[in-house]
Amino acid sequence: MAAMAGRAAALRGSGGRFRWRTRVAAGGVRGAAQDAAGRQDYDLLVIGGGSGGLACAKEAAQLGKKVAVVDYVEPSPRGTRWGLGGTCVNVGCIPKKLMHQAALLGDMIRDAPHYGWDVPRQVPHDWRKMAEAVQNHVKSLNWGHRVQLQDRKVKYFNIKASFVNEHTVCGVTKGGKEIEGALEHGITSDDIFWLKESPGKTLVVGASYVALECAGFLTGLRLDTTVMIRSIPLRGFDQQMSSLVTEHMASHGTHFLRGCTPSRVKKLPDGQLQVTWKDLASGREDMGTFDTVLWAIGRLPETRSLNLEKAGVNTNPNSHKILVDAQEATSVPHIYAIGDAAEGRPELTPTAIMAGRLLAQRLCGQTSDLMDYDNVPTTVFTPLEYGCVGLSEEEAVARHGEEHVEVYHAYYKPLEFTVAERDSSQCYIKMVCLREPPQLVLGLHFLGPNAGEVTQGFALGIKCGASYRQVVQTVGIHPTCAEEVAKLRIAKRSGLDPTVTGC
């Protein structure tokens, strides 16, 4: 389990300043203008250089505030470290999508002969070359963030931060050894994107979207990949869609160990890893050997080292996330938390960015708008992508009652799959609506190619309160997968076959 940098913004009241104090070793912090005691005052001090923190800092600086960003990346247990930009840029969305694309290209190469291209049936993949290209792009983004902060005159401190009191934050230089031992024989999702060599036969422990995305592109790169699931896949997502995602992965080469938990990992003399696991239903133990064990079992916010209690900031004792209100304010009125570090917020880059910008604008008196966390679209970049916005079918039924919910659905075949004779058994769409006219759309779930692009477009309509009638009166673009959303006619409760026929 990897640690996640918290993203917290703090600001004194109107006309006040927030104090930043560095406690450093001999030589101090290079380039920092400070008084004799090492103190500097800022209108806004942002702790955490991830998507939300950087968006908030840059927006406030553009609106004329004196701003600083404090960011330090604690190395993973394997010693992986990275630059400015947070999880998304370095070990999340960006490298994940690029490696997902690499796997999709492998599928396209297999399709190519069906379209007349004379391509060898077995085309080798060079992990090192891919990894170098992905890492170089990530590093360019790190540099871009540094330049943007400099252009906006935002001071950047690559140093750990902790609260002294509610108006003062102290920076402490990092010393001592790297983290040791916690994952002696494994890696985390933070490490997979920075490996120089192929991970080989891999066991992915976990069933979150990160686990399934990693397993998906590893399988797509022709690596023997197994996913170990303790309970259910994609917890928090629509479970019918989640089942289809894993069905597709299983039918395309990913192995699944369901209802199992690992108990031991032992390194063998030949360097392979022997993993022992327990079947929770039968209690039986089993084992297997792998080249790599990838732990993708969730993240905890890096808040405990901030000494938040000294500032009077309340956190959830179980999740360690910071408790906030609708204004993103913590229990201390001039200290705010946004992004993954805040309790009850989606762990998504775009929401953190928008929340950060809106917070900066409110603090600078530019708006009173609050972040709206309803109907936020997202996509799981598994081999067959899953995009969704709004409520799952389970959530809609729980909120409104089964008798008040209508679900329109369809199995469809993308045109691109026809000539190549690809299996489309799991290409599926469902729209969750209120049953009473005008049948307000509560949620849309799309499983198929380019799901993110499709979902982003329909998200606008759902955000604006679209009804089922308005969606089906929209003329589709032919021939596309997205047009199948506008052609949904079969209600689940009818029991009719929802398979689309014809073009």
# chains A, B, ... in the order shown; residues from 1 in each chain; ligands from 1
$ select_by_dssp --residues "region 97-287 of chain A" --states "strand (DSSP E)" --output "count of residues only"
47
$ closest_atom_pairs --of "region 50-126 of chain A" --to "region 431-454 of chain A" --cutoff "12 Å" --atoms "only C-alpha atoms" --output "tab-separated table"
residue	atom	partner	partner_atom	distance
A:Lys97	CA	A:Gly452	CA	11.2
A:His100	CA	A:Asn450	CA	11.7
A:Gln101	CA	A:Asn450	CA	11.0
A:Leu104	CA	A:Pro449	CA	10.0
$ atom_distance --atom1 "CA of Lys153 (chain A)" --atom2 "CA of Gln135 (chain A)"
27.2 Å
$ atom_distance --atom1 "CA of Val227 (chain A)" --atom2 "CA of Val89 (chain A)"
24.8 Å
$ select_by_dssp --residues "region 127-276 of chain A" --states "alpha helix (DSSP H)" --output "number ranges by chain"
A: 127-151, 189-192, 209-220, 239-251
$ residues_around --residues "region 493-496 of chain A" --least-positions-apart "5" --cutoff "12 Å" --atoms "only C-alpha atoms" --output "list in words"
Glu402, Glu403, His404, Val405, Glu406, Val407, Tyr408, His409, Ala410, Tyr411 and Arg435 of chain A
$ closest_atom_pairs --of "region 354-447 of chain A" --to "region 39-56 of chain A" --cutoff "9 Å" --atoms "only C-alpha atoms" --output "Markdown table"
| residue | atom | partner | partner_atom | distance |
| --- | --- | --- | --- | --- |
| A:Met354 | CA | A:Gly52 | CA | 7.4 |
| A:Ala355 | CA | A:Gly52 | CA | 6.9 |
| A:Gly356 | CA | A:Cys56 | CA | 4.1 |
| A:Arg357 | CA | A:Cys56 | CA | 4.8 |
| A:Leu358 | CA | A:Cys56 | CA | 7.7 |
| A:Leu359 | CA | A:Cys56 | CA | 6.8 |
| A:Ala360 | CA | A:Cys56 | CA | 5.4 |
| A:Gln361 | CA | A:Cys56 | CA | 8.5 |
$ residues_around --residues "Arg230 (chain A)" --least-positions-apart "6" --cutoff "7 Å" --atoms "only C-alpha atoms" --output "list in words"
Arg258, Gly259, Cys260 and Thr261 of chain A
$ atom_distance --atom1 "CA of Ser243 (chain A)" --atom2 "CA of Val204 (chain A)"
17.6 Å
$ decode --residues "region 41-74 of chain A" --atoms "N, CA, C and O atoms" --output "mmCIF file, in the first residue's frame"
data_model
loop_
_atom_site.group_PDB
_atom_site.id
_atom_site.type_symbol
_atom_site.label_atom_id
_atom_site.label_comp_id
_atom_site.auth_asym_id
_atom_site.auth_seq_id
_atom_site.Cartn_x
_atom_site.Cartn_y
_atom_site.Cartn_z
ATOM 1 N N ASP A 41 6.499 34.908 5.229
ATOM 2 C CA ASP A 41 5.048 35.038 5.302
ATOM 3 C C ASP A 41 4.441 34.952 3.911
ATOM 4 O O ASP A 41 4.976 35.516 2.946
ATOM 5 N N TYR A 42 3.294 34.249 3.828
ATOM 6 C CA TYR A 42 2.594 34.093 2.557
ATOM 7 C C TYR A 42 1.101 34.303 2.758
ATOM 8 O O TYR A 42 0.561 34.037 3.833
ATOM 9 N N ASP A 43 0.448 34.774 1.700
ATOM 10 C CA ASP A 43 -1.014 34.860 1.722
ATOM 11 C C ASP A 43 -1.615 33.453 1.675
ATOM 12 O O ASP A 43 -2.628 33.179 2.319
ATOM 13 N N LEU A 44 -0.988 32.590 0.898
ATOM 14 C CA LEU A 44 -1.485 31.228 0.726
ATOM 15 C C LEU A 44 -0.311 30.266 0.727
ATOM 16 O O LEU A 44 0.639 30.433 -0.041
ATOM 17 N N LEU A 45 -0.376 29.281 1.589
ATOM 18 C CA LEU A 45 0.644 28.236 1.636
ATOM 19 C C LEU A 45 -0.035 26.915 1.299
ATOM 20 O O LEU A 45 -0.975 26.497 1.979
ATOM 21 N N VAL A 46 0.426 26.259 0.249
ATOM 22 C CA VAL A 46 -0.167 25.014 -0.218
ATOM 23 C C VAL A 46 0.764 23.863 0.133
ATOM 24 O O VAL A 46 1.934 23.876 -0.252
ATOM 25 N N ILE A 47 0.255 22.900 0.863
ATOM 26 C CA ILE A 47 1.025 21.712 1.210
ATOM 27 C C ILE A 47 0.600 20.586 0.280
ATOM 28 O O ILE A 47 -0.535 20.116 0.341
ATOM 29 N N GLY A 48 1.485 20.170 -0.594
ATOM 30 C CA GLY A 48 1.182 19.109 -1.550
ATOM 31 C C GLY A 48 1.173 19.626 -2.970
ATOM 32 O O GLY A 48 0.334 20.464 -3.323
ATOM 33 N N GLY A 49 2.097 19.151 -3.775
ATOM 34 C CA GLY A 49 2.221 19.604 -5.160
ATOM 35 C C GLY A 49 1.567 18.665 -6.143
ATOM 36 O O GLY A 49 2.120 18.379 -7.214
ATOM 37 N N GLY A 50 0.372 18.184 -5.796
ATOM 38 C CA GLY A 50 -0.405 17.373 -6.734
ATOM 39 C C GLY A 50 -1.316 18.258 -7.571
ATOM 40 O O GLY A 50 -1.213 19.494 -7.562
ATOM 41 N N SER A 51 -2.240 17.627 -8.276
ATOM 42 C CA SER A 51 -3.098 18.358 -9.214
ATOM 43 C C SER A 51 -3.881 19.475 -8.536
ATOM 44 O O SER A 51 -3.920 20.608 -9.022
ATOM 45 N N GLY A 52 -4.533 19.159 -7.400
ATOM 46 C CA GLY A 52 -5.353 20.155 -6.720
ATOM 47 C C GLY A 52 -4.520 21.266 -6.115
ATOM 48 O O GLY A 52 -4.856 22.456 -6.235
ATOM 49 N N GLY A 53 -3.426 20.900 -5.453
ATOM 50 C CA GLY A 53 -2.569 21.898 -4.827
ATOM 51 C C GLY A 53 -1.973 22.855 -5.830
ATOM 52 O O GLY A 53 -1.957 24.078 -5.620
ATOM 53 N N LEU A 54 -1.465 22.333 -6.942
ATOM 54 C CA LEU A 54 -0.859 23.191 -7.964
ATOM 55 C C LEU A 54 -1.902 24.091 -8.617
ATOM 56 O O LEU A 54 -1.637 25.271 -8.888
ATOM 57 N N ALA A 55 -3.086 23.553 -8.882
ATOM 58 C CA ALA A 55 -4.143 24.370 -9.492
ATOM 59 C C ALA A 55 -4.523 25.522 -8.574
ATOM 60 O O ALA A 55 -4.694 26.668 -9.019
ATOM 61 N N CYS A 56 -4.655 25.242 -7.277
ATOM 62 C CA CYS A 56 -5.001 26.271 -6.299
ATOM 63 C C CYS A 56 -3.908 27.326 -6.212
ATOM 64 O O CYS A 56 -4.179 28.531 -6.217
ATOM 65 N N ALA A 57 -2.651 26.874 -6.156
ATOM 66 C CA ALA A 57 -1.524 27.800 -6.028
ATOM 67 C C ALA A 57 -1.407 28.714 -7.233
ATOM 68 O O ALA A 57 -1.242 29.933 -7.097
ATOM 69 N N LYS A 58 -1.497 28.144 -8.427
ATOM 70 C CA LYS A 58 -1.333 28.950 -9.643
ATOM 71 C C LYS A 58 -2.481 29.942 -9.813
ATOM 72 O O LYS A 58 -2.271 31.080 -10.237
ATOM 73 N N GLU A 59 -3.695 29.509 -9.469
ATOM 74 C CA GLU A 59 -4.856 30.405 -9.585
ATOM 75 C C GLU A 59 -4.729 31.578 -8.623
ATOM 76 O O GLU A 59 -4.961 32.736 -8.994
ATOM 77 N N ALA A 60 -4.335 31.291 -7.369
ATOM 78 C CA ALA A 60 -4.197 32.360 -6.374
ATOM 79 C C ALA A 60 -3.089 33.325 -6.761
ATOM 80 O O ALA A 60 -3.223 34.548 -6.601
ATOM 81 N N ALA A 61 -1.981 32.795 -7.275
ATOM 82 C CA ALA A 61 -0.869 33.656 -7.682
ATOM 83 C C ALA A 61 -1.285 34.556 -8.842
ATOM 84 O O ALA A 61 -0.931 35.740 -8.891
ATOM 85 N N GLN A 62 -2.055 33.994 -9.764
ATOM 86 C CA GLN A 62 -2.525 34.779 -10.907
ATOM 87 C C GLN A 62 -3.456 35.901 -10.456
ATOM 88 O O GLN A 62 -3.560 36.937 -11.113
ATOM 89 N N LEU A 63 -4.120 35.686 -9.303
ATOM 90 C CA LEU A 63 -5.024 36.700 -8.766
ATOM 91 C C LEU A 63 -4.310 37.648 -7.798
ATOM 92 O O LEU A 63 -4.948 38.398 -7.079
ATOM 93 N N GLY A 64 -2.970 37.585 -7.789
ATOM 94 C CA GLY A 64 -2.188 38.590 -7.079
ATOM 95 C C GLY A 64 -1.737 38.231 -5.683
ATOM 96 O O GLY A 64 -1.176 39.083 -4.974
ATOM 97 N N LYS A 65 -1.932 36.985 -5.242
ATOM 98 C CA LYS A 65 -1.532 36.605 -3.902
ATOM 99 C C LYS A 65 -0.083 36.102 -3.882
ATOM 100 O O LYS A 65 0.426 35.581 -4.868
ATOM 101 N N LYS A 66 0.547 36.258 -2.718
ATOM 102 C CA LYS A 66 1.886 35.721 -2.506
ATOM 103 C C LYS A 66 1.720 34.267 -2.056
ATOM 104 O O LYS A 66 1.129 33.991 -1.016
ATOM 105 N N VAL A 67 2.247 33.340 -2.857
ATOM 106 C CA VAL A 67 1.937 31.922 -2.688
ATOM 107 C C VAL A 67 3.211 31.091 -2.636
ATOM 108 O O VAL A 67 4.196 31.385 -3.323
ATOM 109 N N ALA A 68 3.179 30.047 -1.828
ATOM 110 C CA ALA A 68 4.246 29.048 -1.799
ATOM 111 C C ALA A 68 3.645 27.655 -1.850
ATOM 112 O O ALA A 68 2.540 27.423 -1.348
ATOM 113 N N VAL A 69 4.373 26.727 -2.462
ATOM 114 C CA VAL A 69 3.993 25.316 -2.505
ATOM 115 C C VAL A 69 5.080 24.510 -1.812
ATOM 116 O O VAL A 69 6.267 24.667 -2.116
ATOM 117 N N VAL A 70 4.660 23.666 -0.881
ATOM 118 C CA VAL A 70 5.585 22.779 -0.173
ATOM 119 C C VAL A 70 5.243 21.356 -0.587
ATOM 120 O O VAL A 70 4.110 20.911 -0.402
ATOM 121 N N ASP A 71 6.209 20.651 -1.164
ATOM 122 C CA ASP A 71 5.924 19.310 -1.667
ATOM 123 C C ASP A 71 7.141 18.420 -1.487
ATOM 124 O O ASP A 71 8.258 18.811 -1.806
ATOM 125 N N TYR A 72 6.903 17.253 -0.931
ATOM 126 C CA TYR A 72 7.983 16.265 -0.812
ATOM 127 C C TYR A 72 7.394 14.886 -1.048
ATOM 128 O O TYR A 72 6.358 14.538 -0.477
ATOM 129 N N VAL A 73 8.037 14.118 -1.899
ATOM 130 C CA VAL A 73 7.563 12.783 -2.213
ATOM 131 C C VAL A 73 8.334 11.770 -1.376
ATOM 132 O O VAL A 73 9.550 11.630 -1.519
ATOM 133 N N GLU A 74 7.612 11.094 -0.506
ATOM 134 C CA GLU A 74 8.226 10.017 0.269
ATOM 135 C C GLU A 74 8.464 8.841 -0.679
ATOM 136 O O GLU A 74 7.547 8.387 -1.347
#
